[in-house]
Every structure is written in structure tokens, then in C-alpha cells.
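Participant: Handing over upload.pdb, PDB, C-alpha atoms.
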```
ATOM      1  CA  MET A   1     -56.107  95.321  31.589
ATOM      2  CA  SER A   2     -58.138  95.104  28.375
ATOM      3  CA  ALA A   3     -56.766  98.453  27.155
ATOM      4  CA  LEU A   4     -53.252  97.164  27.725
ATOM      5  CA  PHE A   5     -53.808  94.038  25.661
ATOM      6  CA  GLU A   6     -55.691  95.838  22.917
ATOM      7  CA  GLY A   7     -52.393  97.411  21.911
ATOM      8  CA  LEU A   8     -50.755  93.989  21.595
ATOM      9  CA  LEU A   9     -53.252  92.383  19.251
ATOM     10  CA  VAL A  10     -51.412  93.007  15.989
ATOM     11  CA  SER A  11     -49.050  90.136  15.221
ATOM     12  CA  LYS A  12     -45.471  91.319  14.559
ATOM     13  CA  PRO A  13     -42.138  89.611  13.954
ATOM     14  CA  ARG A  14     -40.606  88.333  17.188
ATOM     15  CA  SER A  15     -38.339  90.981  18.801
ATOM     16  CA  LYS A  16     -36.444  91.676  22.013
ATOM     17  CA  THR A  17     -39.693  92.862  23.608
ATOM     18  CA  SER A  18     -41.666  89.722  22.729
ATOM     19  CA  TRP A  19     -40.823  88.224  26.142
ATOM     20  CA  LEU A  20     -42.686  91.125  27.751
ATOM     21  CA  LYS A  21     -45.872  90.222  25.876
ATOM     22  CA  GLU A  22     -45.547  86.644  27.087
ATOM     23  CA  VAL A  23     -45.035  87.802  30.684
ATOM     24  CA  LEU A  24     -48.052  90.109  30.512
ATOM     25  CA  ALA A  25     -50.127  87.330  28.990
ATOM     26  CA  GLY A  26     -49.042  85.025  31.794
ATOM     27  CA  LEU A  27     -49.994  87.588  34.435
ATOM     28  CA  ALA A  28     -53.412  88.051  32.864
ATOM     29  CA  ALA A  29     -53.904  84.298  32.652
ATOM     30  CA  ALA A  30     -53.082  84.005  36.364
ATOM     31  CA  SER A  31     -55.857  86.432  37.268
ATOM     32  CA  GLY A  32     -59.487  85.467  36.742
ATOM     33  CA  VAL A  33     -60.487  89.062  36.066
ATOM     34  CA  GLY A  34     -57.461  89.635  33.848
ATOM     35  CA  TYR A  35     -58.124  86.436  31.911
ATOM     36  CA  LEU A  36     -61.754  87.358  31.249
ATOM     37  CA  ALA A  37     -60.875  90.943  30.330
ATOM     38  CA  THR A  38     -58.233  89.783  27.863
ATOM     39  CA  ALA A  39     -60.485  87.092  26.380
ATOM     40  CA  TYR A  40     -63.198  89.718  25.880
ATOM     41  CA  THR A  41     -60.744  92.141  24.257
ATOM     42  CA  VAL A  42     -59.478  89.484  21.853
ATOM     43  CA  SER A  43     -63.033  88.387  21.011
ATOM     44  CA  ARG A  44     -64.086  91.964  20.392
ATOM     45  CA  TRP A  45     -61.102  92.437  18.077
ATOM     46  CA  LEU A  46     -61.884  89.242  16.156
ATOM     47  CA  THR A  47     -65.521  90.216  15.608
ATOM     48  CA  ARG A  48     -64.873  93.923  14.998
ATOM     49  CA  THR A  49     -66.418  95.885  12.157
ATOM     50  CA  ALA A  50     -64.488  96.617   8.966
ATOM     51  CA  ARG A  51     -66.418  99.588   7.657
ATOM     52  CA  SER A  52     -64.981 101.810   4.981
ATOM     53  CA  LYS A  53     -66.113 103.388   1.752
ATOM     54  CA  PRO A  54     -64.760 101.375  -1.198
ATOM     55  CA  GLN A  55     -61.834 103.281  -2.707
ATOM     56  CA  LEU A  56     -62.213 101.568  -6.087
ATOM     57  CA  THR A  57     -65.230 100.847  -8.271
ATOM     58  CA  PRO A  58     -65.781  98.821 -11.461
ATOM     59  CA  ALA A  59     -64.817 101.999 -13.319
ATOM     60  CA  VAL A  60     -61.180 101.048 -12.661
ATOM     61  CA  HIS A  61     -61.732  98.325 -15.273
ATOM     62  CA  GLY A  62     -63.606 100.678 -17.589
ATOM     63  CA  LEU A  63     -66.952  99.167 -16.595
ATOM     64  CA  GLY A  64     -70.215 100.987 -15.982
ATOM     65  CA  TRP A  65     -72.117 100.227 -12.783
ATOM     66  CA  GLU A  66     -74.885 101.418 -10.477
ATOM     67  CA  GLU A  67     -75.457 101.408  -6.735
ATOM     68  CA  LEU A  68     -77.722  98.795  -5.193
ATOM     69  CA  GLU A  69     -79.312  98.524  -1.777
ATOM     70  CA  CYS A  70     -80.714  95.473  -0.044
ATOM     71  CA  ARG A  71     -82.318  94.817   3.339
ATOM     72  CA  THR A  72     -81.844  91.570   5.233
ATOM     73  CA  ALA A  73     -84.539  89.643   7.089
ATOM     74  CA  ASP A  74     -83.090  90.881  10.391
ATOM     75  CA  GLY A  75     -83.350  94.498   9.270
ATOM     76  CA  LEU A  76     -79.815  95.447   8.196
ATOM     77  CA  GLY A  77     -79.185  97.612   5.158
ATOM     78  CA  LEU A  78     -76.556  96.367   2.710
ATOM     79  CA  ARG A  79     -74.819  98.439   0.034
ATOM     80  CA  GLY A  80     -73.604  97.046  -3.255
ATOM     81  CA  TRP A  81     -72.987  97.307  -6.980
ATOM     82  CA  LEU A  82     -74.846  96.118 -10.037
ATOM     83  CA  LEU A  83     -72.888  95.699 -13.240
ATOM     84  CA  SER A  84     -74.693  94.638 -16.410
ATOM     85  CA  PRO A  85     -72.860  93.957 -19.676
ATOM     86  CA  PRO A  86     -74.824  94.215 -22.923
ATOM     87  CA  ALA A  87     -77.366  91.360 -23.196
ATOM     88  CA  PRO A  88     -76.345  89.547 -19.987
ATOM     89  CA  ARG A  89     -77.004  85.827 -20.150
ATOM     90  CA  ALA A  90     -76.934  85.047 -16.411
ATOM     91  CA  THR A  91     -76.466  86.703 -13.021
ATOM     92  CA  VAL A  92     -73.590  85.996 -10.625
ATOM     93  CA  ALA A  93     -73.635  87.177  -6.998
ATOM     94  CA  LEU A  94     -70.231  87.687  -5.380
ATOM     95  CA  PHE A  95     -69.658  87.525  -1.620
ATOM     96  CA  HIS A  96     -66.370  88.800  -0.156
ATOM     97  CA  GLY A  97     -64.233  87.587   2.730
ATOM     98  CA  LEU A  98     -63.550  88.731   6.288
ATOM     99  CA  ARG A  99     -62.126  92.273   6.736
ATOM    100  CA  ALA A 100     -62.720  92.960   3.034
ATOM    101  CA  ASN A 101     -65.559  94.523   1.079
ATOM    102  CA  ARG A 102     -67.016  94.317  -2.414
ATOM    103  CA  THR A 103     -63.781  95.678  -3.927
ATOM    104  CA  GLN A 104     -62.246  92.251  -3.261
ATOM    105  CA  ALA A 105     -64.413  90.986  -6.121
ATOM    106  CA  LEU A 106     -63.427  93.653  -8.680
ATOM    107  CA  GLY A 107     -61.067  91.448 -10.697
ATOM    108  CA  ARG A 108     -63.594  88.646 -10.724
ATOM    109  CA  ILE A 109     -66.323  91.083 -11.779
ATOM    110  CA  ALA A 110     -64.235  92.216 -14.756
ATOM    111  CA  LEU A 111     -63.635  88.591 -15.750
ATOM    112  CA  LEU A 112     -67.303  87.666 -15.467
ATOM    113  CA  ALA A 113     -68.537  90.782 -17.252
ATOM    114  CA  SER A 114     -66.230  90.053 -20.178
ATOM    115  CA  ALA A 115     -67.870  86.629 -20.394
ATOM    116  CA  GLY A 116     -71.359  88.154 -20.516
ATOM    117  CA  TYR A 117     -72.443  87.779 -16.892
ATOM    118  CA  ARG A 118     -74.390  90.353 -14.899
ATOM    119  CA  CYS A 119     -72.645  90.843 -11.536
ATOM    120  CA  VAL A 120     -74.078  91.762  -8.145
ATOM    121  CA  ALA A 121     -71.648  92.411  -5.266
ATOM    122  CA  PHE A 122     -72.611  93.639  -1.796
ATOM    123  CA  ASP A 123     -70.689  94.513   1.351
ATOM    124  CA  HIS A 124     -71.473  92.003   4.109
ATOM    125  CA  ARG A 125     -72.868  93.262   7.410
ATOM    126  CA  ALA A 126     -70.349  95.250   9.455
ATOM    127  CA  HIS A 127     -68.143  95.593   6.356
ATOM    128  CA  GLY A 128     -67.707  98.328   3.769
ATOM    129  CA  GLU A 129     -70.768 100.576   3.694
ATOM    130  CA  SER A 130     -73.249  98.038   5.079
ATOM    131  CA  ALA A 131     -74.837  98.237   8.525
ATOM    132  CA  GLY A 132     -74.067  95.872  11.392
ATOM    133  CA  ARG A 133     -72.287  95.826  14.751
ATOM    134  CA  ARG A 134     -69.991  92.810  14.383
ATOM    135  CA  THR A 135     -68.963  89.981  12.118
ATOM    136  CA  SER A 136     -69.754  86.323  12.784
ATOM    137  CA  PHE A 137     -67.394  84.573  10.327
ATOM    138  CA  GLY A 138     -70.205  83.802   7.891
ATOM    139  CA  TYR A 139     -72.852  82.513  10.301
ATOM    140  CA  HIS A 140     -75.192  85.520  10.486
ATOM    141  CA  GLU A 141     -73.826  86.703   7.120
ATOM    142  CA  ALA A 142     -75.984  83.900   5.737
ATOM    143  CA  ARG A 143     -78.851  86.374   6.088
ATOM    144  CA  ASP A 144     -76.947  88.733   3.802
ATOM    145  CA  VAL A 145     -76.738  85.943   1.226
ATOM    146  CA  GLU A 146     -80.446  85.231   1.580
ATOM    147  CA  GLY A 147     -81.335  88.893   1.078
ATOM    148  CA  VAL A 148     -79.135  89.275  -2.000
ATOM    149  CA  LEU A 149     -80.426  86.064  -3.580
ATOM    150  CA  ALA A 150     -84.014  87.157  -2.954
ATOM    151  CA  LEU A 151     -83.265  90.444  -4.740
ATOM    152  CA  ILE A 152     -81.761  88.629  -7.724
ATOM    153  CA  ARG A 153     -84.679  86.226  -7.994
ATOM    154  CA  LEU A 154     -87.120  89.117  -7.867
ATOM    155  CA  ARG A 155     -85.405  91.149 -10.570
ATOM    156  CA  TRP A 156     -84.199  88.416 -12.963
ATOM    157  CA  PRO A 157     -86.322  85.350 -12.243
ATOM    158  CA  HIS A 158     -86.029  83.716 -15.661
ATOM    159  CA  GLN A 159     -82.256  83.786 -16.143
ATOM    160  CA  PRO A 160     -79.647  81.379 -14.721
ATOM    161  CA  GLN A 161     -78.178  82.403 -11.386
ATOM    162  CA  ALA A 162     -74.863  81.589  -9.709
ATOM    163  CA  ALA A 163     -72.802  82.697  -6.729
ATOM    164  CA  ILE A 164     -69.123  82.988  -5.870
ATOM    165  CA  GLY A 165     -68.106  83.158  -2.216
ATOM    166  CA  ILE A 166     -64.623  84.012  -0.947
ATOM    167  CA  SER A 167     -63.611  82.622   2.465
ATOM    168  CA  MET A 168     -66.245  84.080   4.844
ATOM    169  CA  GLY A 169     -68.519  84.665   1.851
ATOM    170  CA  ALA A 170     -68.169  80.989   0.918
ATOM    171  CA  ALA A 171     -69.053  79.984   4.491
ATOM    172  CA  ALA A 172     -72.101  82.265   4.398
ATOM    173  CA  LEU A 173     -73.309  80.481   1.258
ATOM    174  CA  CYS A 174     -73.054  77.153   3.089
ATOM    175  CA  PHE A 175     -74.941  78.485   6.108
ATOM    176  CA  ALA A 176     -77.631  79.796   3.711
ATOM    177  CA  ALA A 177     -77.890  76.414   1.998
ATOM    178  CA  GLU A 178     -81.687  76.236   2.001
ATOM    179  CA  GLN A 179     -81.836  79.294  -0.276
ATOM    180  CA  ALA A 180     -78.520  78.812  -2.101
ATOM    181  CA  ARG A 181     -79.376  75.267  -3.193
ATOM    182  CA  THR A 182     -81.714  76.627  -5.876
ATOM    183  CA  LEU A 183     -78.805  78.317  -7.660
ATOM    184  CA  ASP A 184     -77.583  76.864 -10.940
ATOM    185  CA  ALA A 185     -73.910  76.918  -9.861
ATOM    186  CA  ILE A 186     -71.908  77.759  -6.720
ATOM    187  CA  VAL A 187     -68.178  78.523  -6.487
ATOM    188  CA  LEU A 188     -66.633  78.304  -2.998
ATOM    189  CA  GLU A 189     -63.148  79.812  -2.697
ATOM    190  CA  SER A 190     -60.774  79.435   0.265
ATOM    191  CA  LEU A 191     -63.493  77.902   2.442
ATOM    192  CA  TYR A 192     -62.594  76.923   6.000
ATOM    193  CA  HIS A 193     -63.698  73.534   7.358
ATOM    194  CA  ASP A 194     -64.717  74.847  10.792
ATOM    195  CA  VAL A 195     -64.024  78.143  12.520
ATOM    196  CA  GLU A 196     -62.555  76.736  15.750
ATOM    197  CA  SER A 197     -59.708  74.882  14.050
ATOM    198  CA  THR A 198     -59.187  77.873  11.737
ATOM    199  CA  PHE A 199     -58.789  80.154  14.762
ATOM    200  CA  ARG A 200     -56.346  77.776  16.437
ATOM    201  CA  ASN A 201     -54.378  77.330  13.195
ATOM    202  CA  ARG A 202     -53.862  81.101  12.931
ATOM    203  CA  ILE A 203     -52.321  81.362  16.384
ATOM    204  CA  GLY A 204     -48.614  81.920  15.931
ATOM    205  CA  SER A 205     -48.985  83.060  12.318
ATOM    206  CA  LYS A 206     -51.686  85.656  11.734
ATOM    207  CA  TYR A 207     -52.505  85.950  15.454
ATOM    208  CA  PRO A 208     -49.936  86.363  18.290
ATOM    209  CA  SER A 209     -48.767  83.147  19.930
ATOM    210  CA  TRP A 210     -49.990  84.322  23.332
ATOM    211  CA  PHE A 211     -53.581  84.003  22.048
ATOM    212  CA  ARG A 212     -53.158  80.283  22.765
ATOM    213  CA  ARG A 213     -53.326  80.926  26.527
ATOM    214  CA  PHE A 214     -56.743  82.516  26.092
ATOM    215  CA  ALA A 215     -58.255  80.292  23.380
ATOM    216  CA  ARG A 216     -60.898  78.706  25.589
ATOM    217  CA  GLY A 217     -61.925  82.052  27.051
ATOM    218  CA  VAL A 218     -62.006  83.739  23.651
ATOM    219  CA  ILE A 219     -64.234  80.967  22.302
ATOM    220  CA  TRP A 220     -66.554  81.207  25.328
ATOM    221  CA  VAL A 221     -66.903  84.998  25.016
ATOM    222  CA  THR A 222     -67.272  84.931  21.230
ATOM    223  CA  GLU A 223     -70.081  82.380  21.377
ATOM    224  CA  ARG A 224     -72.035  84.765  23.580
ATOM    225  CA  ARG A 225     -71.210  87.832  21.519
ATOM    226  CA  ILE A 226     -72.407  86.303  18.242
ATOM    227  CA  ARG A 227     -75.133  84.169  19.858
ATOM    228  CA  ALA A 228     -73.977  80.935  18.276
ATOM    229  CA  ARG A 229     -71.918  77.976  19.441
ATOM    230  CA  LEU A 230     -68.654  77.486  17.620
ATOM    231  CA  ARG A 231     -69.669  73.961  16.645
ATOM    232  CA  GLN A 232     -72.423  75.616  14.593
ATOM    233  CA  LEU A 233     -69.791  77.518  12.609
ATOM    234  CA  THR A 234     -68.826  74.453  10.598
ATOM    235  CA  PRO A 235     -69.412  74.786   6.840
ATOM    236  CA  ALA A 236     -68.617  71.071   6.501
ATOM    237  CA  ASP A 237     -71.908  70.314   8.270
ATOM    238  CA  HIS A 238     -73.897  72.372   5.750
ATOM    239  CA  ILE A 239     -72.154  71.960   2.412
ATOM    240  CA  ALA A 240     -74.066  68.797   1.490
ATOM    241  CA  ARG A 241     -77.338  70.754   1.749
ATOM    242  CA  LEU A 242     -76.268  72.884  -1.218
ATOM    243  CA  ALA A 243     -77.301  69.979  -3.443
ATOM    244  CA  PRO A 244     -78.668  69.808  -6.072
ATOM    245  CA  ALA A 245     -76.684  72.960  -6.948
ATOM    246  CA  PRO A 246     -73.344  72.068  -8.613
ATOM    247  CA  VAL A 247     -70.400  73.095  -6.396
ATOM    248  CA  LEU A 248     -66.845  74.041  -7.374
ATOM    249  CA  LEU A 249     -64.364  74.116  -4.482
ATOM    250  CA  LEU A 250     -61.206  76.161  -5.034
ATOM    251  CA  THR A 251     -58.298  76.612  -2.663
ATOM    252  CA  GLY A 252     -54.636  77.560  -2.895
ATOM    253  CA  THR A 253     -51.893  74.997  -2.442
ATOM    254  CA  GLU A 254     -50.160  77.454  -0.071
ATOM    255  CA  ASP A 255     -53.254  78.465   1.896
ATOM    256  CA  PRO A 256     -52.476  78.085   5.637
ATOM    257  CA  HIS A 257     -56.055  78.803   6.752
ATOM    258  CA  ALA A 258     -58.085  76.772   4.239
ATOM    259  CA  PRO A 259     -55.414  74.260   3.167
ATOM    260  CA  PRO A 260     -55.857  71.589   0.490
ATOM    261  CA  ARG A 261     -56.490  68.900   3.120
ATOM    262  CA  ASP A 262     -59.492  70.876   4.388
ATOM    263  CA  ALA A 263     -60.756  71.357   0.824
ATOM    264  CA  GLU A 264     -60.534  67.613   0.308
ATOM    265  CA  ARG A 265     -62.500  67.006   3.519
ATOM    266  CA  LEU A 266     -65.152  69.495   2.391
ATOM    267  CA  PHE A 267     -65.238  67.893  -1.049
ATOM    268  CA  ALA A 268     -65.977  64.538   0.590
ATOM    269  CA  HIS A 269     -69.073  66.087   2.184
ATOM    270  CA  CYS A 270     -70.313  67.556  -1.121
ATOM    271  CA  ARG A 271     -72.860  65.808  -3.263
ATOM    272  CA  GLU A 272     -72.656  65.491  -7.015
ATOM    273  CA  PRO A 273     -72.198  67.412  -9.215
ATOM    274  CA  ARG A 274     -69.018  68.628  -7.549
ATOM    275  CA  GLU A 275     -65.524  69.675  -8.596
ATOM    276  CA  LEU A 276     -62.305  70.426  -6.708
ATOM    277  CA  VAL A 277     -59.485  72.593  -8.072
ATOM    278  CA  LEU A 278     -56.224  73.380  -6.250
ATOM    279  CA  VAL A 279     -54.629  76.619  -7.413
ATOM    280  CA  SER A 280     -50.848  76.192  -7.477
ATOM    281  CA  GLY A 281     -48.908  78.754  -5.446
ATOM    282  CA  ALA A 282     -51.960  80.638  -4.188
ATOM    283  CA  GLY A 283     -52.475  81.576  -0.550
ATOM    284  CA  HIS A 284     -55.648  82.562   1.254
ATOM    285  CA  THR A 285     -58.250  84.588  -0.711
ATOM    286  CA  ASN A 286     -55.859  85.546  -3.542
ATOM    287  CA  LEU A 287     -56.869  82.787  -5.924
ATOM    288  CA  PHE A 288     -57.875  85.169  -8.692
ATOM    289  CA  GLU A 289     -54.691  87.216  -8.449
ATOM    290  CA  SER A 290     -52.349  84.206  -8.191
ATOM    291  CA  GLY A 291     -54.274  81.680 -10.241
ATOM    292  CA  GLY A 292     -54.011  83.368 -13.610
ATOM    293  CA  GLU A 293     -55.360  81.452 -16.576
ATOM    294  CA  PRO A 294     -55.966  78.166 -14.670
ATOM    295  CA  TYR A 295     -58.287  80.038 -12.299
ATOM    296  CA  ARG A 296     -60.122  81.693 -15.186
ATOM    297  CA  GLU A 297     -60.543  78.426 -17.043
ATOM    298  CA  ALA A 298     -61.764  76.615 -13.931
ATOM    299  CA  VAL A 299     -64.395  79.209 -13.002
ATOM    300  CA  LEU A 300     -65.639  80.159 -16.470
ATOM    301  CA  GLY A 301     -65.662  76.522 -17.582
ATOM    302  CA  PHE A 302     -67.633  75.465 -14.506
ATOM    303  CA  LEU A 303     -70.200  78.231 -14.991
ATOM    304  CA  ALA A 304     -70.591  77.490 -18.703
ATOM    305  CA  ARG A 305     -71.150  73.779 -18.031
ATOM    306  CA  HIS A 306     -73.901  74.339 -15.493
ATOM    307  CA  LEU A 307     -75.661  77.661 -16.117
ATOM    308  CA  PHE A 308     -77.050  76.945 -19.537
ATOM    309  CA  ARG A 309     -78.622  73.562 -19.042
ATOM    310  CA  ALA A 310     -82.386  73.297 -18.659
ATOM    311  CA  ARG A 311     -83.316  75.085 -15.417
ATOM    312  CA  ARG A 312     -83.659  72.736 -12.475
ATOM    313  CA  VAL A 313     -86.780  72.548 -10.348
ATOM    314  CA  ALA A 314     -85.758  72.710  -6.672
TER
END
```
Would you write out, as C-alpha cells, the structure that this file holds?
Facilitator:
Amino acid sequence: MSALFEGLLVSKPRSKTSWLKEVLAGLAAASGVGYLATAYTVSRWLTRTARSKPQLTPAVHGLGWEELECRTADGLGLRGWLLSPPAPRATVALFHGLRANRTQALGRIALLASAGYRCVAFDHRAHGESAGRRTSFGYHEARDVEGVLALIRLRWPHQPQAAIGISMGAAALCFAAEQARTLDAIVLESLYHDVESTFRNRIGSKYPSWFRRFARGVIWVTERRIRARLRQLTPADHIARLAPAPVLLLTGTEDPHAPPRDAERLFAHCREPRELVLVSGAGHTNLFESGGEPYREAVLGFLARHLFRARRVA
């Protein structure tokens, strides 16, 4: 049964055969064994690895770089890049989103390097070239954030430090709030409010509509696979703990998964100093590509306002 449904997991435009998927889903739902097998298959697909060697490097922007390695507190090896412009004046760590890798940050790296910022970008666990068996939507990826921030503090302890997180990377920063709060600035892009509502919102758009029949089972299985309750995967419950670090929340006006209303709810949980910017016409995770000059002004302006004040004592 699970092998049968594994072939149906990619959402496609509705066709003449879509009724067959609904019938098969109904049959599986009617059977306890079939229901559990399908829920497990869906959960395994949602938490699957996304390993691949990055096809692009900062060289595509004419930038020099070097390989970096980092080890997390739970023993996973992470692979990344270090890019240092002449006389860097601060360090920015960049954390990518789900099913992506450090190449997702390449455009942002070029922008930051041109403004004089050293950039550090790693593949999260189970992504790119980093180790790991499954993803956890930012929850255990918090340990990746902690490891990268520890590396930065060790190597450049006397310079300002900031972080930019994209979707899952933004969630990981929230879950790592105890360490991230000592940063001088934090940019959270396309951040979801909580993972359960995000999963349900994607049913019928990014995920097939028949997922709805198995939502409770998928949640139950996933909680056991990642060893965390879904109520724990709520960045809104952690974002306030990023204080006293200044926070910039960015989301696209057309983002169906981290919509403006969720950004406004997250913003309400933030403590000062905080800023909220809605990027007109942008969807999920493509704020840099769609935002153009307004995105650049928002991010570079925010960093400039907060990185070069007197260093805070946490």
C-alpha cells in the first residue's frame, strides 16, 4: 500500500485520473493498516532528505570563497562556504529553507558582500552536502544554527554579527533563540507561524487534496519520527526570546504559506526593536528575487542601523 501511494505524492493539475487517486485514498482510509501505511509514507516524504552537491558557487557572481565545515552538538557534520570581502566590517550567517541548500542564499551573499559583509552559509542537516537522516522543519535545525553561530563567535568575536533565515532557516533561528539573541541583528524571511497550520494550508495547493484524509495520522507519525510534538514547532512561541536582538520580519504579499496575516501575528509577538516589511508581489522564499530594490533597501538599511552601534551585552 505504501509503495502505491508513494507514486501519488507529487501534486499535479487535476485530470481525468484524479478520481482514481481519491478512490484509492478512500480505500486506504477505510483500512486501519492502509491508513497507517499511507500516513507513514506521507510523513516519510515530508521529512525526506534533500541532499545534493551545490551546482553553483559564489564564483557565479565573480566572488572568491572557501569551504567551511562545522559540527553540531548532536554530532552532525555540516558543509558550507565562507566569503570574505576586503576589510569585512561584520559577519552575516545565512540559513536556507526546506528542500534547498546554501545556493538559495547566493544572491543575498552577493548583495551583502558588495556592502562589505563577510558571509557564512551552510547546508542544514539532511540538505545539500551536510549529514542527517531527515528534516524537522527547523526544530532540530536549531542545532545547526547553534553550531554555526558558535563557529562565528570563535573566529570573529570582536566584530558585529547578524543572521538571515529563509523559511525553515528563519524558524531554526527562532528555535535557537537562546544563542541567537546575542546577535546584533536578525532577519527572518517567509517565516511560518506554526507548522501544523502551514501543513494544512498546503493541502490542495502544494500537497494533493487527498492528504486531508490522512492529516491526523501524518501528524501522529511525524511527531514520532522527529521526536517532537507539533505544538513545539511554533516559531511564534519562541520569537519573543530573540530579544534583545533587533528583528526584521519580511514576507511576500502573495505568499500562501507564510502570508502577511501570519507575519503580522509574529510581529505582535516580537519585542522591540522590531520591523515588519511586506514585499509586494513576492511569493514564498523568493523575496530577494522578486523584491528588487525595496528588498535591498530594507535589509541593508536594517543591518546598517543595528550592526554598528555599541555592542550589546547579553
Participant: Near Val195 (chain A), counting all atoms listed in the file, which residues have an atom at most 8 Å away, once you skip same-chain residues fewer than 5 positions from it, shown as a ChimeraX atom specification?
Facilitator: /A:137,230,233-234
Participant: Just the residues within 10 Å of Phe175 (chain A), please, counting all atoms listed in the file, with nothing from its chain fewer than 5 positions along; format it as a ChimeraX atom specification.
Facilitator: /A:138-143,145-146,169-170,180,232-239,241-242
Participant: Residues within 9 Å of Leu98 (chain A), please, as a list in words. Count only C-alpha atoms; anything in the same chain fewer than 6 positions from it doesn't count.
Facilitator: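 The residues satisfying every condition are Ala50, His124, His127, Thr135, Phe137, Gly138, Ile166, Ser167, Met168 and Gly169 of chain A.
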Participant: Given the PyMOL selection byres ((chain A and resi 73) around 10) and the file above, list the residues it selects as an MDAnalysis selection string.
Facilitator: chainID A and resid 70:72 74:77 143:144 146:147
Participant: Quick check on the file I pasted: which residues fall under the PyMOL selection byres ((chain A and resi 83) around 7)? Write them as a ChimeraX atom specification.
Facilitator: /A:64-66,81-82,84-85,118-120
Participant: For those residues, write C-alpha atoms to a file as a PDB file, in the frame of the given file.
Facilitator:
```pdb
ATOM      1  CA  GLY A  64     -70.215 100.987 -15.982  1.00  0.00           C
ATOM      2  CA  TRP A  65     -72.117 100.227 -12.783  1.00  0.00           C
ATOM      3  CA  GLU A  66     -74.885 101.418 -10.477  1.00  0.00           C
ATOM      4  CA  TRP A  81     -72.987  97.307  -6.980  1.00  0.00           C
ATOM      5  CA  LEU A  82     -74.846  96.118 -10.037  1.00  0.00           C
ATOM      6  CA  SER A  84     -74.693  94.638 -16.410  1.00  0.00           C
ATOM      7  CA  PRO A  85     -72.860  93.957 -19.676  1.00  0.00           C
ATOM      8  CA  ARG A 118     -74.390  90.353 -14.899  1.00  0.00           C
ATOM      9  CA  CYS A 119     -72.645  90.843 -11.536  1.00  0.00           C
ATOM     10  CA  VAL A 120     -74.078  91.762  -8.145  1.00  0.00           C
TER      11      VAL A 120
END
```
Participant: Could you give me, as a ChimeraX atom specification, the residues that have an atom at most 7 Å away from the point (-57.0, 72.1, 8.0) in the coordinates of the file, using only C-alpha atoms?
Facilitator: /A:193,257-259,261-262
Participant: Please report the interatomic distance between CA of Arg296 (chain A) and CA of Cys174 (chain A) in Å with one decimal.
Facilitator: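 We find that CA of Arg296 (chain A) and CA of Cys174 (chain A) lie 22.8 Å from each other.
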Participant: Of the residues A:Asn101, A:Thr251, A:Ser197, A:Thr41, which is the one nearest to Arg125 (chain A), using all atoms listed in the file?
Facilitator: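 Once distances to Arg125 (chain A) are computed over all atoms listed in the file, the minimum belongs to A:Asn101.
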Participant: List as a compact mmCIF listing (two decimals) with C-alpha atoms, keeping the file's coordinate frame the protein and nucleic acid residues near Leu250 (chain A), meaning an atom at most 10 Å away when all atoms listed in the file are counted, but skip any in the same chain fewer than 2 places from it.
Facilitator:
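Written out: part29.txt:
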```
# COMPACT_ATOMS: atom_id res chain seq x y z
CA ILE A 166 -64.62 84.01 -0.95
CA VAL A 187 -68.18 78.52 -6.49
CA LEU A 188 -66.63 78.30 -3.00
CA GLU A 189 -63.15 79.81 -2.70
CA SER A 190 -60.77 79.44 0.26
CA LEU A 191 -63.49 77.90 2.44
CA VAL A 247 -70.40 73.10 -6.40
CA LEU A 248 -66.84 74.04 -7.37
CA GLY A 252 -54.64 77.56 -2.90
CA THR A 253 -51.89 75.00 -2.44
CA ALA A 258 -58.08 76.77 4.24
CA PRO A 260 -55.86 71.59 0.49
CA ALA A 263 -60.76 71.36 0.82
CA GLU A 275 -65.52 69.68 -8.60
CA LEU A 276 -62.30 70.43 -6.71
CA VAL A 277 -59.48 72.59 -8.07
CA LEU A 278 -56.22 73.38 -6.25
CA VAL A 279 -54.63 76.62 -7.41
CA THR A 285 -58.25 84.59 -0.71
CA LEU A 287 -56.87 82.79 -5.92
CA TYR A 295 -58.29 80.04 -12.30
CA ALA A 298 -61.76 76.61 -13.93
CA VAL A 299 -64.40 79.21 -13.00
```
Participant: Applying 10 Å and all atoms listed in the file, which residues near Thr222 (chain A) remain after dropping the ones on its own chain fewer than 3 positions away? List them as a VMD selection string.
Facilitator: chain A and resid 39 to 40 42 to 44 46 to 47 136 216 to 219 225 to 230
Participant: Based on the selection just made, write C-alpha atoms of those residues as a compact mmCIF listing (two decimals), keeping the file's coordinate frame.
Facilitator:
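The file below, result_32.txt, is the result:
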```
# COMPACT_ATOMS: atom_id res chain seq x y z
CA ALA A 39 -60.48 87.09 26.38
CA TYR A 40 -63.20 89.72 25.88
CA VAL A 42 -59.48 89.48 21.85
CA SER A 43 -63.03 88.39 21.01
CA ARG A 44 -64.09 91.96 20.39
CA LEU A 46 -61.88 89.24 16.16
CA THR A 47 -65.52 90.22 15.61
CA SER A 136 -69.75 86.32 12.78
CA ARG A 216 -60.90 78.71 25.59
CA GLY A 217 -61.92 82.05 27.05
CA VAL A 218 -62.01 83.74 23.65
CA ILE A 219 -64.23 80.97 22.30
CA ARG A 225 -71.21 87.83 21.52
CA ILE A 226 -72.41 86.30 18.24
CA ARG A 227 -75.13 84.17 19.86
CA ALA A 228 -73.98 80.94 18.28
CA ARG A 229 -71.92 77.98 19.44
CA LEU A 230 -68.65 77.49 17.62
```
Participant: Could you tell me, as a PyMOL selection string, exactly which residues end up selected when the PyMOL selection byres ((chain A and resi 183) around 12) is applied to this structure?
Facilitator: chain A and resi 90-93+145-146+149-150+152-153+157+159-164+173+176-182+184-187+242-247+303+306-307+311-314
Participant: What is the distance between CA of Gly132 (chain A) and CA of Thr198 (chain A), in Å to one decimal?
Facilitator: 23.4 Å
Participant: Could you check the closest approach to Pro256 (chain A) for each of A:Phe95, A:Pro273, A:Gly301, A:Phe199 and tell me which residue wins, using all atoms listed in the file?
Facilitator: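 Result for the nearest residue to Pro256 (chain A): A:Phe199.
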Participant: Could you tell me how far CA of Ile109 (chain A) sits from CA of Glu254 (chain A), in Å to one decimal place?
Facilitator: 24.2 Å
Participant: Find the axis-aligned box for region 147-155 of chain A, covering all its listed atoms and adding 4 Å on each side, and write its centre and edge lengths in Å to one decimal as lines of an AutoDock Vina configuration file.
Facilitator:
```
center_x = -83.1
center_y = 88.6
center_z = -4.7
size_x = 16.0
size_y = 13.1
size_z = 19.6
```
Participant: Smallest atom-to-atom distance to Ala126 (chain A): which of A:Val221, A:Leu78, A:Cys270, A:Ala113, using only C-alpha atoms?
Facilitator: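 Checking each candidate against Ala126 (chain A), we get A:Leu78 as the closest.
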Participant: Counting all atoms listed in the file, which residue out of A:Ile203, A:Ala282, A:Leu112, A:Leu151 sits closest to Leu300 (chain A)?
Facilitator: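 Of A:Ile203, A:Ala282, A:Leu112, A:Leu151, the one nearest Leu300 (chain A), counting all atoms listed in the file, is A:Leu112.
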Participant: Kindly indicate which residue among A:Ser209, A:Ser130, A:Ser52, A:Gln104 lies nearest to Gly80 (chain A), using all atoms listed in the file for the distances.
Facilitator: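 Ranking A:Ser209, A:Ser130, A:Ser52, A:Gln104 by distance to Gly80 (chain A), first place goes to A:Ser130.
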